[in-house]
Protein chains: 6
Amino acid sequence: MPFINVKLAKGRTAEQKQQFTEAITKAAAQILNVKEEWVTVVFDEYERDNWASGGTLHSIKFGEGFGKMGAE
Amino acid sequence: MPFINVKLAKGRTAEQKQQFTEAITKAAAQILNVKEEWVTVVFDEYERDNWASGGTLHSIKFGEGFGKMGAE
Amino acid sequence: MPFINVKLAKGRTAEQKQQFTEAITKAAAQILNVKEEWVTVVFDEYERDNWASGGTLHSIKFGEGFGKMGAE
Amino acid sequence: MPFINVKLAKGRTAEQKQQFTEAITKAAAQILNVKEEWVTVVFDEYERDNWASGGTLHSIKFGEGFGKMGAE
Amino acid sequence: MPFINVKLAKGRTAEQKQQFTEAITKAAAQILNVKEEWVTVVFDEYERDNWASGGTLHSIKFGEGFGKMGAE
Amino acid sequence: MPFINVKLAKGRTAEQKQQFTEAITKAAAQILNVKEEWVTVVFDEYERDNWASGGTLHSIKFGEGFGKMGAE
């Protein structure tokens with residue numbers, strides 16, 4: 001505890017996920033008063049065909065592929 | 001807001017997901033009193049080995065592969 | 001199947017939730033090729049203290065209470 | 001109802017998932033007072049790059065690949 | 001790991017939840033090859049206004065209140 | 001995007017949640033290459049009757065009430 005689930009577009013490297021995990025885990029330990037070893041972080045990565053906002057799939061909005069293009 | 005997560009068997013086309021997203025998003029805007037651009041829809045697609053009902057995996061119930069066969 | 005989880009701010013009536021459920025369920029049956037009785041919809045309602053966007057809790061952004069005020 | 005979501009490291013066989021599903025479903029029927037056919041179980045399987053505990057991705061802690069090595 | 005999320009109608013006692021947790025945890029240890037202390041189980045309990053199947057909220061299908069009445 | 005769901009024991013103040021939200025959101029912007037306004041954070045708070053580890057509900061392990069006592 002806590003258990004943190006991060007849903008995001010596919011395309012981040014393991015290094016980015018590791019850095020983000022570390023930042024979250026430290027913040028949880030300091031602010032939420034838990035031990036670092038209690039914190040679990042899991043990532044759910046989404047293809048653009050499986051994420052939509054404003055009524056439109058991101059594969060249609062931004063094209064196929066990944067990365068920061070427009071409002072993803 | 002709202003954030004809508006749709007868990008379903010693999011096998012729908014991007015076109016079906018787009019149509020469903022549109023329908024959900026419009027319904028949310030009309031009925032729940034939100035703007036369309038606030039609505040997020042994400043799809044989690046499942047292999048039949050990872051979905052079970054009544055105590056039996058769907059890969060055993062319906063065979064491998066996808067699509068509407070029996071009670072999926 | 002499908003299993004649809006709707007996360008949203010507290011404050012909708014049972015009637016709104018029923019209408020939204022109906023709309024989603026019909027759309028699923030027509031577009032995703034499933035029977036209406038297979039569709040499950042569950043609502044997770046959030047206090048403004050438990051929903052944040054852009055780094056700020058909605059209780060701070062919009063005040064306590066519920067309803068459509070600003071960008072929720 | 002109930003709807004049971006199992007998040008775990010990739011690497012279990014369909015047979016293990018079937019046995020676990022059966023065990024959960026029977027336990028639900030006996031203890032929670034539901035019919036077996038109401039119980040749904042879905043598995044989310046994670047690569048080690050997408051699961052972290054104590055601030056470290058499991059791909060870093062345990063190496064690439066799957067299976068029971070160390071504290072996974 | 002694993003992390004198991006059980007979504008169900010409100011109305012079970014702490015005793016039932018404890019028994020079910022034990023059964024799941026033992027089954028996970030035996031079948032999925034994990035240690036019991038790695039298994040986390042969390043329950044999300046739903047009011048009937050927040051759970052719908054076949055297009056109808058359970059508060060409409062089964063009335064207000066909880067417990068095993070009809071197909072819940 | 002991203003959408004971050006934090007499941008934790010009940011008992012944190014709105015101030016703690018706000019600080020944690022800020023920390024996560026900034027880390028996401030810096031490390032994952034997204035804009036702060038795209039980041040959503042939602043908290044699911046659990047009673048000890050609804051969270052179990054190692055086969056035992058936390059209400060049994062730690063007693064009723066909240067806060068950092070033992071391994072929560």
# chains A, B, ... in the order shown; residues from 1 in each chain; ligands from 1
call {"tool": "residues_around", "arguments": {"residues": "segment 26-41 of chain A", "least_positions_apart": "3", "cutoff": "8 Å", "atoms": "only C-alpha atoms", "output": "ChimeraX atom specification"}}
result
/A:1-6,21-23 /D:50-55 /F:12,16-17,19-20,23-24,68,71-72
call {"tool": "atom_distance", "arguments": {"atom1": "atom CA of Ile60 of chain F", "atom2": "atom CA of Gln18 of chain E"}}
result
8.8 Å
call {"tool": "select_by_dssp", "arguments": {"residues": "chain D", "states": "alpha helix (DSSP H)", "output": "count of residues only"}}
result
24
call {"tool": "atom_distance", "arguments": {"atom1": "atom CA of His58 of chain B", "atom2": "atom CA of Val42 of chain D"}}
result
10.2 Å
call {"tool": "select_by_dssp", "arguments": {"residues": "chain A", "states": "strand (DSSP E)", "output": "list of chain:residue names"}}
result
A:Phe3, A:Ile4, A:Asn5, A:Val6, A:Lys7, A:Leu8, A:Ala9, A:Thr40, A:Val41, A:Val42, A:Phe43, A:Asp44, A:Glu45, A:Tyr46, A:Trp51, A:Ala52, A:Ser53, A:Thr56, A:Leu57
call {"tool": "residues_around", "arguments": {"residues": "Asp49 of chain A", "least_positions_apart": "6", "cutoff": "7 Å", "atoms": "only C-alpha atoms", "output": "JSON, numbers by chain"}}
result
{"A": [57, 58, 59], "B": [14]}
call {"tool": "closest_residue", "arguments": {"among": "E:Thr25, E:Arg48, E:Lys10, E:Glu15", "to": "Glu64 of chain E", "atoms": "only C-alpha atoms"}}
result
E:Arg48
call {"tool": "atom_distance", "arguments": {"atom1": "atom CA of Phe62 of chain F", "atom2": "atom CA of Glu45 of chain F"}}
result
16.6 Å
call {"tool": "closest_residue", "arguments": {"among": "F:Thr56, F:Ala9, F:Phe43, F:Lys61", "to": "chain E", "atoms": "only C-alpha atoms"}}
result
F:Thr56
